[in-house]
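Trainee: Shown below is the structure under consideration.
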Amino acid sequence: MLRSHVHPTAVHERRETARTAAASERADDHDGAEAPQEHGAQAPEDQRADARDERLVQLLAPDGTRTPDPEYEPWVEDVDADRLVALYEDLVVVRRLDVEATALQRQGQLGLWPPLLGQEAAQVGSARVLRRDDFVFSSYRENAVAYCRGVDLTDMVRVWRGTASSGWDPFAVGMATPQIIIGAQTLHATGWAIGAVKDGTDAVAVAYFGDGATSQGDVNEAMVFAASFRAPVVFFCQNNQWAISEPVGLQAIRPIADRAPGFGIPSVRVDGNDVLAVMAVTRQALDRARRGEGPTFVEAVTYRMGPHTTSDDPTRYVDPADREAWAGRDPLLRVERLLEREGILDDQVSTAVKNAADSAARRMRAGCLGLTAPEPLSLFDHVYATPSVWLERQRSQYAAYLAMYREDETDARSAGEGGGHR
């Protein structure tokens, strides 16, 4: 079920007040950081800037305690106990689905699968604050976003099983099918957003991509257009620390979020393993876009706990100590610990969440195994809205090619049957 949230004017005014207070507080902190210079402890300006830029928006610490933040807390003030349990269920379900899909690939039922293990909070937190009329443009790893948008579980695996060239109807769920070409979806999102403005709506496009995509020309070109036309688009970068086997530090000397202001786009870095903080910054970005203030760049700092895809072997390049450190920041565990602190996570809730996850996994597996190979000539059915001579000629040639194999099979059977009578 899609969930949408509308923020009243009164809430918006309180948030504006909170922003002002937070800005003043940060200024006070900054002044305090500068004080040691009076005693000769002066640090280079770029080093001080680096320290400030490492700050992440965080509302929920890894140990499950709430982190005060007057600017962003108002954006999640509607998250009560029931809503928190629903978010926890989302996180558990999408992880279970990811594990199931990985198992299906290892068992030869899928050709490939791009795991999202460790990135659940970044995807669920951002997707659950979108409206039905917003539109998502993603890469191939945003299966948790697809789940939140209502994509059928069988549709998630069609492409990876090789039985379809497209997984689902984009217009039925407000989400384009995954883009394999790295970063290309940012241009699609920007174009859609410009179109939304011309249509007179306040719907927003959200483009998901990884840290590696920020080195692609498409992403930079999209930001140029989005800034120039004040397009209502949220650029959501999941910095999972790896572009396949290359660490993010090889392509980003500074935080990735630093790039956006150069295009005239405000940016924010958020703890991508904190589902509440991700919800808050995404809501703020959506609100800004709906008010006609243009695009926002969100860098969700997270970690890819598994391989780039199931064809990858991360043990060849990942330091086990680094992975262990990030395991302590697990997005599911911190929500679980918060629920325990609040006395919400009892046996009944735990059992219900586990049952929901297991049920979803069973449905995905059954749907996957029930998929059948399409007829070969159906490849031509949806290339164009109307047939063309050029396409029909290709169909005819491919049909003749397939017929050769059928003739060979017929001849082989005939030869076998004849040999049996001799």
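Residue numbering restarts at 1 for every chain of the structure tokens, chains are lettered A, B, ... in their displayed order, and ligands are numbered from 1 as they appear.
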Excluding Val76 of chain A and its own-chain neighbours fewer than 3 positions away, which residues fall within 8 Å of it when counting only C-alpha atoms? Please give them as a list in words.
Mentor: Tyr72, Glu73, Val79, Leu276, Met279 and Ala280 of chain A
Trainee: Might you pull out every residue within 12 Å of segment 239-242 of chain A, with only C-alpha atoms counted and same-chain residues fewer than 2 positions away left off, and present them as a PyMOL selection string?
Mentor: chain A and resi 115-120+122-123+141+208-214+236-237+244-252+255-257+269-273+298-309+314+317-318+322-323+326
Trainee: For those residues, write C-alpha atoms to a file as an mmCIF file, in the first residue's frame.
Mentor:
data_model
loop_
_atom_site.group_PDB
_atom_site.id
_atom_site.type_symbol
_atom_site.label_atom_id
_atom_site.label_comp_id
_atom_site.auth_asym_id
_atom_site.auth_seq_id
_atom_site.Cartn_x
_atom_site.Cartn_y
_atom_site.Cartn_z
ATOM 1 C CA PRO A 115 21.592 -7.224 -3.482
ATOM 2 C CA LEU A 116 20.577 -4.225 -1.380
ATOM 3 C CA LEU A 117 21.692 -5.669 1.977
ATOM 4 C CA GLY A 118 22.590 -2.762 4.279
ATOM 5 C CA GLN A 119 20.777 -0.119 2.253
ATOM 6 C CA GLU A 120 17.240 -0.843 3.428
ATOM 7 C CA ALA A 122 17.906 4.631 2.664
ATOM 8 C CA GLN A 123 15.364 3.086 0.304
ATOM 9 C CA ARG A 141 19.293 -1.951 -6.893
ATOM 10 C CA TYR A 208 18.005 7.082 -7.304
ATOM 11 C CA PHE A 209 21.611 6.305 -8.166
ATOM 12 C CA GLY A 210 24.828 5.170 -6.541
ATOM 13 C CA ASP A 211 28.042 6.994 -5.732
ATOM 14 C CA GLY A 212 29.691 5.568 -8.838
ATOM 15 C CA ALA A 213 27.062 7.179 -11.073
ATOM 16 C CA THR A 214 28.142 10.663 -9.993
ATOM 17 C CA PHE A 236 18.958 10.695 -4.228
ATOM 18 C CA CYS A 237 22.492 9.328 -4.149
ATOM 19 C CA ILE A 244 31.661 -2.216 -7.969
ATOM 20 C CA SER A 245 35.155 -2.915 -6.540
ATOM 21 C CA GLU A 246 36.473 0.655 -6.395
ATOM 22 C CA PRO A 247 36.131 2.618 -3.121
ATOM 23 C CA VAL A 248 34.325 5.929 -3.237
ATOM 24 C CA GLY A 249 37.499 7.790 -2.224
ATOM 25 C CA LEU A 250 38.982 7.201 -5.677
ATOM 26 C CA GLN A 251 36.392 9.430 -7.339
ATOM 27 C CA ALA A 252 35.369 11.789 -4.540
ATOM 28 C CA PRO A 255 31.887 14.507 0.089
ATOM 29 C CA ILE A 256 29.743 13.803 -2.966
ATOM 30 C CA ALA A 257 27.111 16.241 -1.738
ATOM 31 C CA ARG A 269 24.272 14.477 3.756
ATOM 32 C CA VAL A 270 22.246 12.051 5.822
ATOM 33 C CA ASP A 271 22.964 8.884 7.759
ATOM 34 C CA GLY A 272 21.618 6.450 5.191
ATOM 35 C CA ASN A 273 21.227 3.716 7.810
ATOM 36 C CA VAL A 298 20.552 14.039 -1.040
ATOM 37 C CA GLU A 299 23.622 11.973 -0.234
ATOM 38 C CA ALA A 300 22.584 9.003 1.899
ATOM 39 C CA VAL A 301 25.776 7.635 3.428
ATOM 40 C CA THR A 302 25.336 3.892 3.802
ATOM 41 C CA TYR A 303 27.245 0.678 3.084
ATOM 42 C CA ARG A 304 26.789 -2.193 0.686
ATOM 43 C CA MET A 305 27.127 -5.238 2.931
ATOM 44 C CA GLY A 306 27.031 -7.740 0.081
ATOM 45 C CA PRO A 307 28.372 -7.968 -3.461
ATOM 46 C CA HIS A 308 27.750 -5.486 -6.253
ATOM 47 C CA THR A 309 25.750 -8.254 -7.909
ATOM 48 C CA PRO A 314 33.580 -8.708 -2.481
ATOM 49 C CA TYR A 317 38.553 -6.199 -2.214
ATOM 50 C CA VAL A 318 36.631 -5.516 1.037
ATOM 51 C CA ASP A 322 35.587 -2.292 7.617
ATOM 52 C CA ARG A 323 32.574 -4.466 6.945
ATOM 53 C CA TRP A 326 29.477 -1.030 9.340
#
Trainee: Once you count only C-alpha atoms, what closest atom pair and distance in Å to one decimal does each residue of segment 282-338 of chain A within 12 Å of segment 197-206 of chain A have, with rows by chain and rising residue number, as JSON lines?
Mentor:
{"residue": "A:Thr282", "atom": "CA", "partner": "A:Val206", "partner_atom": "CA", "distance": 9.7}
{"residue": "A:Arg283", "atom": "CA", "partner": "A:Val204", "partner_atom": "CA", "distance": 11.2}
{"residue": "A:Ala285", "atom": "CA", "partner": "A:Val204", "partner_atom": "CA", "distance": 9.7}
{"residue": "A:Leu286", "atom": "CA", "partner": "A:Val204", "partner_atom": "CA", "distance": 6.8}
{"residue": "A:Asp287", "atom": "CA", "partner": "A:Val204", "partner_atom": "CA", "distance": 9.3}
{"residue": "A:Arg288", "atom": "CA", "partner": "A:Val204", "partner_atom": "CA", "distance": 10.0}
{"residue": "A:Ala289", "atom": "CA", "partner": "A:Val204", "partner_atom": "CA", "distance": 6.7}
{"residue": "A:Arg290", "atom": "CA", "partner": "A:Asp202", "partner_atom": "CA", "distance": 5.0}
{"residue": "A:Arg291", "atom": "CA", "partner": "A:Asp202", "partner_atom": "CA", "distance": 7.7}
{"residue": "A:Gly292", "atom": "CA", "partner": "A:Asp202", "partner_atom": "CA", "distance": 8.1}
{"residue": "A:Glu293", "atom": "CA", "partner": "A:Asp202", "partner_atom": "CA", "distance": 11.2}
{"residue": "A:Gly294", "atom": "CA", "partner": "A:Val204", "partner_atom": "CA", "distance": 9.9}
{"residue": "A:Pro295", "atom": "CA", "partner": "A:Val204", "partner_atom": "CA", "distance": 9.4}
{"residue": "A:Thr296", "atom": "CA", "partner": "A:Val206", "partner_atom": "CA", "distance": 9.8}
{"residue": "A:Phe297", "atom": "CA", "partner": "A:Val206", "partner_atom": "CA", "distance": 10.1}
{"residue": "A:Val298", "atom": "CA", "partner": "A:Val206", "partner_atom": "CA", "distance": 10.4}
Trainee: Could you turn the residues from that selection into a file that holds N, CA, C and O atoms, as a CSV table (one decimal), in the first residue's frame?
Mentor:
chain,number,residue,atom,x,y,z
A,282,THR,N,14.2,13.7,3.1
A,282,THR,CA,13.5,13.5,1.8
A,282,THR,C,12.2,14.3,1.8
A,282,THR,O,11.9,14.9,0.8
A,283,ARG,N,11.5,14.3,3.0
A,283,ARG,CA,10.3,15.2,3.1
A,283,ARG,C,10.7,16.7,2.8
A,283,ARG,O,9.9,17.4,2.2
A,285,ALA,N,13.1,17.8,1.1
A,285,ALA,CA,13.4,18.0,-0.3
A,285,ALA,C,12.2,18.0,-1.2
A,285,ALA,O,12.0,18.8,-2.1
A,286,LEU,N,11.2,17.1,-0.9
A,286,LEU,CA,10.0,17.1,-1.6
A,286,LEU,C,9.2,18.4,-1.4
A,286,LEU,O,8.6,18.9,-2.3
A,287,ASP,N,9.2,18.9,-0.1
A,287,ASP,CA,8.4,20.1,0.2
A,287,ASP,C,9.0,21.3,-0.6
A,287,ASP,O,8.3,22.1,-1.1
A,288,ARG,N,10.3,21.3,-0.7
A,288,ARG,CA,11.0,22.4,-1.4
A,288,ARG,C,10.6,22.3,-2.9
A,288,ARG,O,10.3,23.4,-3.5
A,289,ALA,N,10.6,21.1,-3.4
A,289,ALA,CA,10.3,21.0,-4.9
A,289,ALA,C,8.9,21.4,-5.1
A,289,ALA,O,8.6,22.0,-6.1
A,290,ARG,N,7.9,21.0,-4.2
A,290,ARG,CA,6.5,21.3,-4.5
A,290,ARG,C,6.2,22.8,-4.4
A,290,ARG,O,5.3,23.3,-5.0
A,291,ARG,N,7.1,23.5,-3.6
A,291,ARG,CA,6.9,24.9,-3.5
A,291,ARG,C,7.6,25.7,-4.6
A,291,ARG,O,7.7,26.9,-4.6
A,292,GLY,N,8.1,25.0,-5.6
A,292,GLY,CA,8.7,25.6,-6.8
A,292,GLY,C,10.1,26.1,-6.6
A,292,GLY,O,10.6,26.9,-7.4
A,293,GLU,N,10.8,25.6,-5.6
A,293,GLU,CA,12.1,26.0,-5.3
A,293,GLU,C,13.2,25.1,-6.0
A,293,GLU,O,14.4,25.3,-5.7
A,294,GLY,N,12.8,24.2,-6.8
A,294,GLY,CA,13.7,23.4,-7.6
A,294,GLY,C,14.3,22.2,-6.9
A,294,GLY,O,13.7,21.7,-5.9
A,295,PRO,N,15.4,21.7,-7.5
A,295,PRO,CA,15.9,20.4,-7.1
A,295,PRO,C,16.7,20.4,-5.8
A,295,PRO,O,17.2,21.5,-5.3
A,296,THR,N,16.9,19.2,-5.2
A,296,THR,CA,17.7,19.0,-4.0
A,296,THR,C,18.5,17.8,-4.3
A,296,THR,O,18.1,16.8,-4.9
A,297,PHE,N,19.8,17.8,-3.7
A,297,PHE,CA,20.6,16.6,-3.8
A,297,PHE,C,20.8,16.0,-2.4
A,297,PHE,O,21.2,16.7,-1.5
A,298,VAL,N,20.4,14.7,-2.3
A,298,VAL,CA,20.6,14.0,-1.0
A,298,VAL,C,21.6,13.0,-1.2
A,298,VAL,O,21.6,12.1,-2.1
Trainee: Write out as number ranges by chain the set of residues from segment 131-227 of chain A that DSSP, computed on the backbone, places in alpha helix (DSSP H).
Mentor: A: 143-148, 158-161, 170-173, 184-198, 217-227
Trainee: Tell me which of A:Pro178, A:Gly162, A:Pro68, A:Gly125 sits closest to Gly111 of chain A, counting only C-alpha atoms.
Mentor: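 Nearest to Gly111 of chain A: A:Gly162.
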Trainee: Taking 3 positions as the minimum chain separation for residues in the same chain, which residues sit within 8 Å of Leu369 of chain A when counting only C-alpha atoms? Answer as a list in words.
Mentor: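 My reading of the contact set: Gln109, Arg365 and Ala366 of chain A.
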Trainee: Could you pull the residues within 9 Å of Leu91 of chain A, counting only C-alpha atoms, minus those fewer than 5 positions along the same chain, as number ranges by chain?
Mentor: A: 86, 96, 120-121, 124, 144, 331-332
Trainee: Got time to write the residues from that selection, all heavy atoms, as a PDB file, in the first residue's frame?
Mentor:
ATOM      1  N   ALA A  86       5.436  -0.186  11.457  1.00  0.00           N
ATOM      2  CA  ALA A  86       5.255  -0.389  10.020  1.00  0.00           C
ATOM      3  C   ALA A  86       6.575  -0.221   9.272  1.00  0.00           C
ATOM      4  O   ALA A  86       6.879  -0.982   8.347  1.00  0.00           O
ATOM      5  CB  ALA A  86       4.213   0.585   9.479  1.00  0.00           C
ATOM      6  N   ARG A  96      14.371  -9.674   3.837  1.00  0.00           N
ATOM      7  CA  ARG A  96      14.030 -11.088   3.607  1.00  0.00           C
ATOM      8  C   ARG A  96      13.854 -11.360   2.122  1.00  0.00           C
ATOM      9  O   ARG A  96      14.288 -12.407   1.616  1.00  0.00           O
ATOM     10  CB  ARG A  96      12.743 -11.413   4.365  1.00  0.00           C
ATOM     11  CG  ARG A  96      12.289 -12.865   4.231  1.00  0.00           C
ATOM     12  CD  ARG A  96      13.229 -13.813   4.969  1.00  0.00           C
ATOM     13  NE  ARG A  96      12.765 -15.187   4.858  1.00  0.00           N
ATOM     14  CZ  ARG A  96      13.008 -15.971   3.812  1.00  0.00           C
ATOM     15  NH1 ARG A  96      13.713 -15.519   2.775  1.00  0.00           N
ATOM     16  NH2 ARG A  96      12.551 -17.218   3.782  1.00  0.00           N
ATOM     17  N   GLU A 120      18.688  -0.815   3.277  1.00  0.00           N
ATOM     18  CA  GLU A 120      17.240  -0.843   3.428  1.00  0.00           C
ATOM     19  C   GLU A 120      16.665   0.479   3.925  1.00  0.00           C
ATOM     20  O   GLU A 120      15.637   0.949   3.431  1.00  0.00           O
ATOM     21  CB  GLU A 120      16.831  -1.963   4.400  1.00  0.00           C
ATOM     22  CG  GLU A 120      17.162  -3.361   3.920  1.00  0.00           C
ATOM     23  CD  GLU A 120      18.541  -3.844   4.334  1.00  0.00           C
ATOM     24  OE1 GLU A 120      19.324  -3.012   4.872  1.00  0.00           O
ATOM     25  OE2 GLU A 120      18.848  -5.029   4.131  1.00  0.00           O
ATOM     26  N   ALA A 121      17.321   1.100   4.904  1.00  0.00           N
ATOM     27  CA  ALA A 121      16.780   2.335   5.482  1.00  0.00           C
ATOM     28  C   ALA A 121      16.781   3.477   4.474  1.00  0.00           C
ATOM     29  O   ALA A 121      15.844   4.275   4.420  1.00  0.00           O
ATOM     30  CB  ALA A 121      17.574   2.731   6.725  1.00  0.00           C
ATOM     31  N   VAL A 124      13.749   2.510   2.024  1.00  0.00           N
ATOM     32  CA  VAL A 124      12.424   2.544   2.646  1.00  0.00           C
ATOM     33  C   VAL A 124      12.096   3.941   3.166  1.00  0.00           C
ATOM     34  O   VAL A 124      10.992   4.457   2.960  1.00  0.00           O
ATOM     35  CB  VAL A 124      12.341   1.510   3.790  1.00  0.00           C
ATOM     36  CG1 VAL A 124      11.065   1.709   4.613  1.00  0.00           C
ATOM     37  CG2 VAL A 124      12.386   0.090   3.230  1.00  0.00           C
ATOM     38  N   ALA A 144      13.787  -2.313  -2.779  1.00  0.00           N
ATOM     39  CA  ALA A 144      13.005  -1.909  -1.606  1.00  0.00           C
ATOM     40  C   ALA A 144      12.083  -0.752  -1.964  1.00  0.00           C
ATOM     41  O   ALA A 144      10.951  -0.678  -1.478  1.00  0.00           O
ATOM     42  CB  ALA A 144      13.926  -1.515  -0.450  1.00  0.00           C
ATOM     43  N   PRO A 331      20.880  -0.892   9.793  1.00  0.00           N
ATOM     44  CA  PRO A 331      19.638  -0.099   9.818  1.00  0.00           C
ATOM     45  C   PRO A 331      18.473  -0.798  10.497  1.00  0.00           C
ATOM     46  O   PRO A 331      17.615  -0.135  11.097  1.00  0.00           O
ATOM     47  CB  PRO A 331      19.353   0.150   8.335  1.00  0.00           C
ATOM     48  CG  PRO A 331      20.106  -0.895   7.602  1.00  0.00           C
ATOM     49  CD  PRO A 331      21.322  -1.183   8.416  1.00  0.00           C
ATOM     50  N   LEU A 332      18.407  -2.120  10.421  1.00  0.00           N
ATOM     51  CA  LEU A 332      17.317  -2.839  11.076  1.00  0.00           C
ATOM     52  C   LEU A 332      17.511  -2.881  12.577  1.00  0.00           C
ATOM     53  O   LEU A 332      16.564  -2.683  13.349  1.00  0.00           O
ATOM     54  CB  LEU A 332      17.216  -4.270  10.538  1.00  0.00           C
ATOM     55  CG  LEU A 332      16.369  -4.475   9.273  1.00  0.00           C
ATOM     56  CD1 LEU A 332      17.052  -3.846   8.069  1.00  0.00           C
ATOM     57  CD2 LEU A 332      16.129  -5.964   9.034  1.00  0.00           C
TER      58      LEU A 332
END
Trainee: Enter the distance from atom CA of Lys354 of chain A to atom CA of Ser126 of chain A, in Å, rounded to one decimal.
Mentor: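 Going from atom CA of Lys354 of chain A over to atom CA of Ser126 of chain A, I get 22.8 Å.
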Trainee: Just list as a VMD selection string whatever in segment 209-269 of chain A DSSP marks as strand (DSSP E).
Mentor: chain A and resid 209 to 210 233 to 239 242 to 243 246 to 247 267 to 269
Trainee: List as a ChimeraX atom specification the protein and nucleic acid residues near segment 191-194 of chain A, meaning an atom at most 6 Å away when only C-alpha atoms are counted, but skip any in the same chain fewer than 6 places from it.
Mentor: /A:205,231-233
Trainee: Limited to all heavy atoms, could you put the picked residues into a file as a short mmCIF file (atom, residue, chain, number, x, y, z; two decimals), in the first residue's frame?
Mentor:
data_model
loop_
_atom_site.label_atom_id
_atom_site.label_comp_id
_atom_site.auth_asym_id
_atom_site.auth_seq_id
_atom_site.Cartn_x
_atom_site.Cartn_y
_atom_site.Cartn_z
N ALA A 205 9.67 14.27 -9.13
CA ALA A 205 10.43 13.10 -9.60
C ALA A 205 11.58 12.84 -8.63
O ALA A 205 12.19 13.77 -8.11
CB ALA A 205 10.98 13.36 -11.00
N ALA A 231 13.68 22.44 -11.84
CA ALA A 231 12.85 21.24 -11.95
C ALA A 231 12.58 20.62 -10.58
O ALA A 231 13.48 20.53 -9.75
CB ALA A 231 13.53 20.21 -12.86
N PRO A 232 11.35 20.19 -10.33
CA PRO A 232 11.01 19.54 -9.06
C PRO A 232 11.50 18.09 -9.03
O PRO A 232 10.73 17.15 -9.23
CB PRO A 232 9.48 19.63 -9.02
CG PRO A 232 9.09 19.60 -10.46
CD PRO A 232 10.16 20.34 -11.20
N VAL A 233 12.78 17.92 -8.81
CA VAL A 233 13.38 16.60 -8.80
C VAL A 233 14.30 16.46 -7.60
O VAL A 233 14.99 17.42 -7.23
CB VAL A 233 14.15 16.31 -10.12
CG1 VAL A 233 15.22 17.36 -10.36
CG2 VAL A 233 14.79 14.93 -10.11
#
Trainee: Please indicate the distance in Å from atom CA of Phe137 of chain A to atom CA of Leu112 of chain A, rounded to one decimal place.
Mentor: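 Answer for the atom CA of Phe137 of chain A to atom CA of Leu112 of chain A separation: 20.7 Å.
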Trainee: I want to know what sits within 12 Å of Arg149 of chain A, based on only C-alpha atoms, with residues of the same chain fewer than 6 positions away left out; could you give that as a ChimeraX atom specification?
Mentor: /A:1-4,90,123-124,126-138,142-143,156,168-177
Trainee: Please list as a ChimeraX atom specification every residue within 12 Å of segment 399-402 of chain A, counting only C-alpha atoms and excluding residues in the same chain fewer than 3 positions away.
Mentor: /A:375-380,392-396,405-409
Trainee: Keeping only C-alpha atoms, take the residues you just selected and write them out as a JSON list (two decimals), in the first residue's frame.
Mentor:
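Output below, filename out.json:
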[["chain", "number", "residue", "atom", "x", "y", "z"],
["A", 375, "GLU", "CA", 7.49, -17.16, -27.30],
["A", 376, "PRO", "CA", 10.63, -16.07, -29.18],
["A", 377, "LEU", "CA", 8.77, -13.94, -31.73],
["A", 378, "SER", "CA", 7.06, -11.97, -28.96],
["A", 379, "LEU", "CA", 10.32, -10.03, -28.81],
["A", 380, "PHE", "CA", 8.94, -7.86, -31.63],
["A", 392, "GLU", "CA", 8.26, -6.88, -39.88],
["A", 393, "ARG", "CA", 11.19, -7.81, -42.11],
["A", 394, "GLN", "CA", 13.28, -8.55, -39.02],
["A", 395, "ARG", "CA", 10.47, -10.66, -37.56],
["A", 396, "SER", "CA", 10.20, -12.66, -40.80],
["A", 405, "TYR", "CA", 16.17, -25.42, -35.80],
["A", 406, "ARG", "CA", 12.69, -26.93, -35.81],
["A", 407, "GLU", "CA", 13.46, -28.70, -39.10],
["A", 408, "ASP", "CA", 16.71, -30.04, -37.67],
["A", 409, "GLU", "CA", 14.85, -31.34, -34.61]]
